Structures are given as structure tokens and as C-alpha cells.
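Following: one structure in C-alpha cells, then a few remarks.
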Amino acid sequence: MSVTIRAGRGAPAARILGVGGYRPSRVVPNETILEHIDSSDEWIRSRSGIVTRHWADDHETVEEMSVGAAGKALANAGISPERVGAVVVSTVSHFEQTPAIATRVAHRLGTHKPAAFDISAACAGFGYGLTLAKGMVVEGSAEYVVVIGVERLSDLTDLTDRTTSFLFADGAGAVVVGPAPAERPGIGPTVWGSEGDKAGTIGQTVPWDAYREGPVERFPALRQDGQTVFRWAVYEMAKVARQALEAAGITADDLDAFIPHQANMRIIDSLVKTLGLPEHVAVARDIETSGNTSAASIPLAMERMLETGQARSGDTALVIGFGAGLVYAAAVVTLP
């Protein structure tokens, strides 16, 4: 029997209503990294732009940092937890396969039986979560969605690896996504994708199932082919960024802010040059004091830009994330 299924009836559009971040209390300077590798502060700064980064203490778990960031985002948005219909957490550093950490975070926030799940999209994870949240709000399965990017990458860092030990850091960033009027959408179309033929350029040194065969020499750590990733990020992600601008119906001249994934200062500066961004566009360079926090980097940088006055509520920003997979996601958004 053929029947007509009713389509979802959500909001005509979606927007970011609030942002919040959690930065661990421990600040780690380059000097600490140099205790483990043969290098210099000047070399680390020239290679990455990083001066300090935050590493979590034992009590600053993925769960605790997520709750802290999401709580700030809800307060910033003026939305009570009971109105949240979904919680999405992007992370690669929550070491329990199941249950999803999102379920515990949702409970701790005081929400009422929301959908809750984790995603693994590395440094593009915030963009993936934002896109899913927009879809839920427009489809009608949730009125408000909390999207969290959170990492404890210090747990996956080999301090003796000269190519990566200085890069990675910890933290959490979150946004609340909710309804917007049709004439004022706050999240543009997402340009996203993957290039699995390059999956081996960023990964884990040892898979978890290696432990089945007995103790491994070292705990699994992150590794990457830095030169390959750099070339891909600069050239391919510039194309993706342009596609996101075109999909949103604007040009670089219309932007107020550019918030890329905080992977490397040289990548950020190269993207700005390749895209030909006008001088009036504020550029997030949170990596200098926060390091590379993967899925957390874009919302953390967004919060800092708003807090410092580098960007303002209502500004138009281009956000783009890219990382292991290789995966990417870009969109134009209105800042909360």
C-alpha cells in the first residue's frame, strides 16, 4: 500500500546562537617541549607559530571539558538545557569505544532525553557537527542542538617525535545551533568531503587492536607527513574555501572574519594569501597560544575573537576545518 509520509517541519533556516570554550589551566611553553627533542624555541615558532599550548590535568577529562564549554555556550545563547534536542560531540581522543561521551555530557548539562552521539572527523569535526545540527533544526528533529569539539591530544602525543610533539594540545569548544528566519539564515551551505587516498598522511602509530597480541612498545600516538599535509591544506583547501563563499552567494570582500582550523600558522597565512583576503578581514590565529586542538580549534578561536573584540556578533565569517582522513568542511556563518 502506498502512503504519503509527512516531511519534517522545522525552522526555515538555522544559525549559531552562542559559543563557549574550555581551555585547560596548565599552560605549556615551548621550553617544556624542548626537554624531549633536539630543537629550539625559534624552530618551533618558525615551523608552527606556536608559543604556548594548554594540556589537561588528570581531572580535565574529555567529559569535563565538554561540559564546561557547552555550559558556557548555552549561557551565551540564553537557552536552557531542557530545550536542547540533540548533543553532538566530535572527538578522536575519547578512549571508550562505547557509550558515546555525548550521552554523559547531555546528562551532565541537564538536558531532557536528547539525541546524543559522537562523530570522528578529526580537525573537520566541528564543521561536520555544525552541518548535522543545521539539518536537524531545519528538518525539525531538534529545535536547539549543542555541537562540541573536544580533544585531549596530549594523551596521543609522542613527546620524542620532533615532527609532531610541539603541535598538539587540549581543549573544548561548543556552539548552540537554533532556528533562524528564512530571510536571515546564519549558516550557509556546507562544502565538505574526503580524500581517502591520502588517509595515510595523518594517523595513529599503533592501532588499538595491537594490544590483543600483548604489550606494545609505546602507547599509540599521532603521526603525520607534514609536508604532504601542508601542500594539501594550502592548495586544496583554498579551492574548498572559494566554493563555500560561492555557495553562500558572497565574495571574500563581504567577509568580516576568517576562522580556519588552527593547524599551523604557516598554513593559515598561506591560505589568507592564496584567497586574497582583504585587509579588513580579521583572521583567527589562536594557534599561537592554544596549539592544535583538532575538532575544538574553530569554536575556541571563534570564542576568543568575540571576547577580544577582534570580531563582533553579527559578523560574517568563513570557517574551514581539515585533517585526518583526509576530510574537510567549510561554510560561511554569522557569528553569534
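Note on naming: chains are A, B, ... as they come in the C-alpha cells, residues start from 1 per chain, ligands start from 1 in the order shown.
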Near Ile298 (chain A), counting only C-alpha atoms, which residues have an atom at most 10 Å away, once you skip same-chain residues fewer than 6 positions from it, shown as a list in words?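 After dropping sequence-adjacent residues, the list is Cys123, Ala124, Gly125, Phe126, Gly127, Gly149, Ala172, Gly173, Ala174, Ile259, Pro260, His261, Gln262, Ala284, Asp286, Arg304, Val319, Ile320 and Gly321 of chain A.
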Given the selection you just returned, output its residues as a file containing N, CA, C and O atoms, formatted as an mmCIF file, in the first residue's frame.
```
data_model
loop_
_atom_site.group_PDB
_atom_site.id
_atom_site.type_symbol
_atom_site.label_atom_id
_atom_site.label_comp_id
_atom_site.auth_asym_id
_atom_site.auth_seq_id
_atom_site.Cartn_x
_atom_site.Cartn_y
_atom_site.Cartn_z
ATOM 1 N N CYS A 123 40.015 17.081 12.537
ATOM 2 C CA CYS A 123 40.033 18.550 12.579
ATOM 3 C C CYS A 123 38.886 19.183 11.804
ATOM 4 O O CYS A 123 38.658 20.398 11.921
ATOM 5 N N ALA A 124 38.164 18.394 11.013
ATOM 6 C CA ALA A 124 36.962 18.883 10.335
ATOM 7 C C ALA A 124 35.714 18.587 11.143
ATOM 8 O O ALA A 124 34.602 18.894 10.710
ATOM 9 N N GLY A 125 35.895 18.006 12.328
ATOM 10 C CA GLY A 125 34.757 17.536 13.112
ATOM 11 C C GLY A 125 33.771 18.610 13.497
ATOM 12 O O GLY A 125 32.558 18.362 13.534
ATOM 13 N N PHE A 126 34.253 19.822 13.791
ATOM 14 C CA PHE A 126 33.317 20.883 14.140
ATOM 15 C C PHE A 126 32.421 21.212 12.955
ATOM 16 O O PHE A 126 31.208 21.364 13.102
ATOM 17 N N GLY A 127 32.998 21.312 11.757
ATOM 18 C CA GLY A 127 32.191 21.597 10.568
ATOM 19 C C GLY A 127 31.191 20.506 10.271
ATOM 20 O O GLY A 127 30.049 20.778 9.864
ATOM 21 N N GLY A 149 33.279 20.350 20.003
ATOM 22 C CA GLY A 149 34.545 19.783 19.543
ATOM 23 C C GLY A 149 35.465 19.721 20.735
ATOM 24 O O GLY A 149 35.679 20.730 21.408
ATOM 25 N N ALA A 172 38.262 22.349 24.614
ATOM 26 C CA ALA A 172 36.916 22.080 24.099
ATOM 27 C C ALA A 172 36.271 23.382 23.669
ATOM 28 O O ALA A 172 36.446 24.429 24.310
ATOM 29 N N GLY A 173 35.529 23.323 22.588
ATOM 30 C CA GLY A 173 34.746 24.462 22.117
ATOM 31 C C GLY A 173 33.357 23.984 21.752
ATOM 32 O O GLY A 173 33.187 22.851 21.287
ATOM 33 N N ALA A 174 32.353 24.816 21.980
ATOM 34 C CA ALA A 174 30.974 24.397 21.731
ATOM 35 C C ALA A 174 30.151 25.554 21.196
ATOM 36 O O ALA A 174 30.440 26.730 21.472
ATOM 37 N N ILE A 259 38.018 32.114 10.014
ATOM 38 C CA ILE A 259 38.343 31.260 11.154
ATOM 39 C C ILE A 259 38.653 29.865 10.641
ATOM 40 O O ILE A 259 37.798 28.982 10.595
ATOM 41 N N PRO A 260 39.907 29.641 10.238
ATOM 42 C CA PRO A 260 40.292 28.299 9.789
ATOM 43 C C PRO A 260 40.683 27.421 10.963
ATOM 44 O O PRO A 260 40.945 27.921 12.070
ATOM 45 N N HIS A 261 40.733 26.125 10.730
ATOM 46 C CA HIS A 261 41.285 25.205 11.710
ATOM 47 C C HIS A 261 42.691 25.659 12.070
ATOM 48 O O HIS A 261 43.498 26.001 11.193
ATOM 49 N N GLN A 262 42.989 25.673 13.357
ATOM 50 C CA GLN A 262 44.283 26.157 13.835
ATOM 51 C C GLN A 262 45.314 25.034 13.798
ATOM 52 O O GLN A 262 45.715 24.476 14.817
ATOM 53 N N ALA A 284 41.696 34.536 12.483
ATOM 54 C CA ALA A 284 41.952 33.835 13.741
ATOM 55 C C ALA A 284 43.352 33.234 13.715
ATOM 56 O O ALA A 284 43.702 32.490 12.795
ATOM 57 N N ASP A 286 44.630 31.815 16.804
ATOM 58 C CA ASP A 286 44.610 31.314 18.179
ATOM 59 C C ASP A 286 45.676 30.259 18.421
ATOM 60 O O ASP A 286 46.028 29.971 19.566
ATOM 61 N N ARG A 304 37.411 33.270 21.225
ATOM 62 C CA ARG A 304 38.465 34.247 21.543
ATOM 63 C C ARG A 304 38.322 35.514 20.698
ATOM 64 O O ARG A 304 38.523 36.625 21.197
ATOM 65 N N VAL A 319 34.402 29.695 7.953
ATOM 66 C CA VAL A 319 35.054 28.697 8.790
ATOM 67 C C VAL A 319 35.401 27.490 7.922
ATOM 68 O O VAL A 319 34.622 27.085 7.062
ATOM 69 N N ILE A 320 36.588 26.932 8.148
ATOM 70 C CA ILE A 320 37.004 25.760 7.385
ATOM 71 C C ILE A 320 37.892 24.880 8.240
ATOM 72 O O ILE A 320 38.831 25.349 8.888
ATOM 73 N N GLY A 321 37.564 23.592 8.276
ATOM 74 C CA GLY A 321 38.341 22.615 9.017
ATOM 75 C C GLY A 321 38.845 21.537 8.079
ATOM 76 O O GLY A 321 38.190 21.214 7.087
#
```
Considering only C-alpha atoms, return as JSON, numbers by chain whatever protein or nucleic-acid residues lie within 8 Å of Gly226 (chain A), sequence-local ones (same chain, fewer than 2 positions apart) excluded. {"A": [163, 201, 224, 228, 229, 230]}
Going by DSSP on the backbone, which bits of region 54-211 of chain A are strand (DSSP E)? Write them as number ranges by chain, please. A: 54-55, 84-90, 115-119, 144-152, 170-180, 191-194, 202-204
Write the residues you've just listed into a file as a short mmCIF file (atom, residue, chain, number, x, y, z; two decimals), in the first residue's frame, and include C-alpha atoms for each of them.
```
data_model
loop_
_atom_site.label_atom_id
_atom_site.label_comp_id
_atom_site.auth_asym_id
_atom_site.auth_seq_id
_atom_site.Cartn_x
_atom_site.Cartn_y
_atom_site.Cartn_z
CA HIS A 54 47.23 24.04 27.02
CA TRP A 55 47.49 20.49 28.35
CA VAL A 84 18.15 21.06 23.74
CA GLY A 85 17.03 18.33 21.36
CA ALA A 86 20.43 16.92 20.42
CA VAL A 87 24.04 16.89 21.59
CA VAL A 88 26.79 16.13 19.07
CA VAL A 89 30.39 15.61 20.21
CA SER A 90 33.29 15.48 17.78
CA ALA A 115 19.57 12.61 20.79
CA ALA A 116 23.24 12.24 21.69
CA PHE A 117 26.10 10.82 19.65
CA ASP A 118 29.80 11.16 18.85
CA ILE A 119 31.41 11.69 15.47
CA TYR A 144 18.26 23.51 19.55
CA VAL A 145 21.44 21.48 19.12
CA VAL A 146 24.67 21.63 21.09
CA VAL A 147 27.75 20.93 18.96
CA ILE A 148 31.01 20.24 20.82
CA GLY A 149 34.55 19.78 19.54
CA VAL A 150 36.81 18.40 22.26
CA GLU A 151 40.26 16.86 22.40
CA ARG A 152 42.92 15.65 24.84
CA ASP A 170 43.87 20.06 24.64
CA GLY A 171 40.60 21.94 24.97
CA ALA A 172 36.92 22.08 24.10
CA GLY A 173 34.75 24.46 22.12
CA ALA A 174 30.97 24.40 21.73
CA VAL A 175 28.16 26.21 19.96
CA VAL A 176 24.38 26.18 20.24
CA VAL A 177 22.56 25.96 16.91
CA GLY A 178 18.93 27.03 16.69
CA PRO A 179 16.25 28.41 14.36
CA ALA A 180 16.66 31.43 12.13
CA VAL A 191 31.20 22.26 1.20
CA TRP A 192 32.64 19.05 2.59
CA GLY A 193 34.24 15.84 1.52
CA SER A 194 37.14 13.42 1.89
CA ILE A 202 47.79 11.50 9.24
CA GLY A 203 47.09 8.64 11.58
CA GLN A 204 47.87 6.64 14.68
#
```
Env of Ser48 (chain A): 8 Å cut, atoms = only C-alpha atoms, seq-sep filter 5 positions within chain, self excluded. Answer as an NGL selection string. :A and (167 or 264-266)
Write a file of the selected residues as a compact mmCIF listing (two decimals), in the first residue's frame, keeping N, CA, C and O atoms.
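Here's the written file selection.txt:
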```
# COMPACT_ATOMS: atom_id res chain seq x y z
N LEU A 167 53.05 20.29 18.37
CA LEU A 167 51.83 20.75 17.72
C LEU A 167 50.57 20.64 18.57
O LEU A 167 49.77 21.58 18.64
N ASN A 264 48.37 25.22 11.86
CA ASN A 264 49.74 25.68 11.69
C ASN A 264 49.66 27.13 11.21
O ASN A 264 48.89 27.44 10.30
N MET A 265 50.45 28.03 11.80
CA MET A 265 50.39 29.43 11.42
C MET A 265 50.79 29.63 9.96
O MET A 265 50.24 30.49 9.27
N ARG A 266 51.73 28.83 9.48
CA ARG A 266 52.14 28.97 8.08
C ARG A 266 51.01 28.59 7.13
O ARG A 266 50.84 29.22 6.07
```
Separation of CA of Asp254 (chain A) and CA of Arg15 (chain A), in Å?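 Between CA of Asp254 (chain A) and CA of Arg15 (chain A) the gap works out to 18.1 Å.
In terms of minimum interatomic distance to Gly325 (chain A), A:Ala199 ranks closest within A:Ala7, A:Val283, A:Leu159, A:Ala199, counting only C-alpha atoms.
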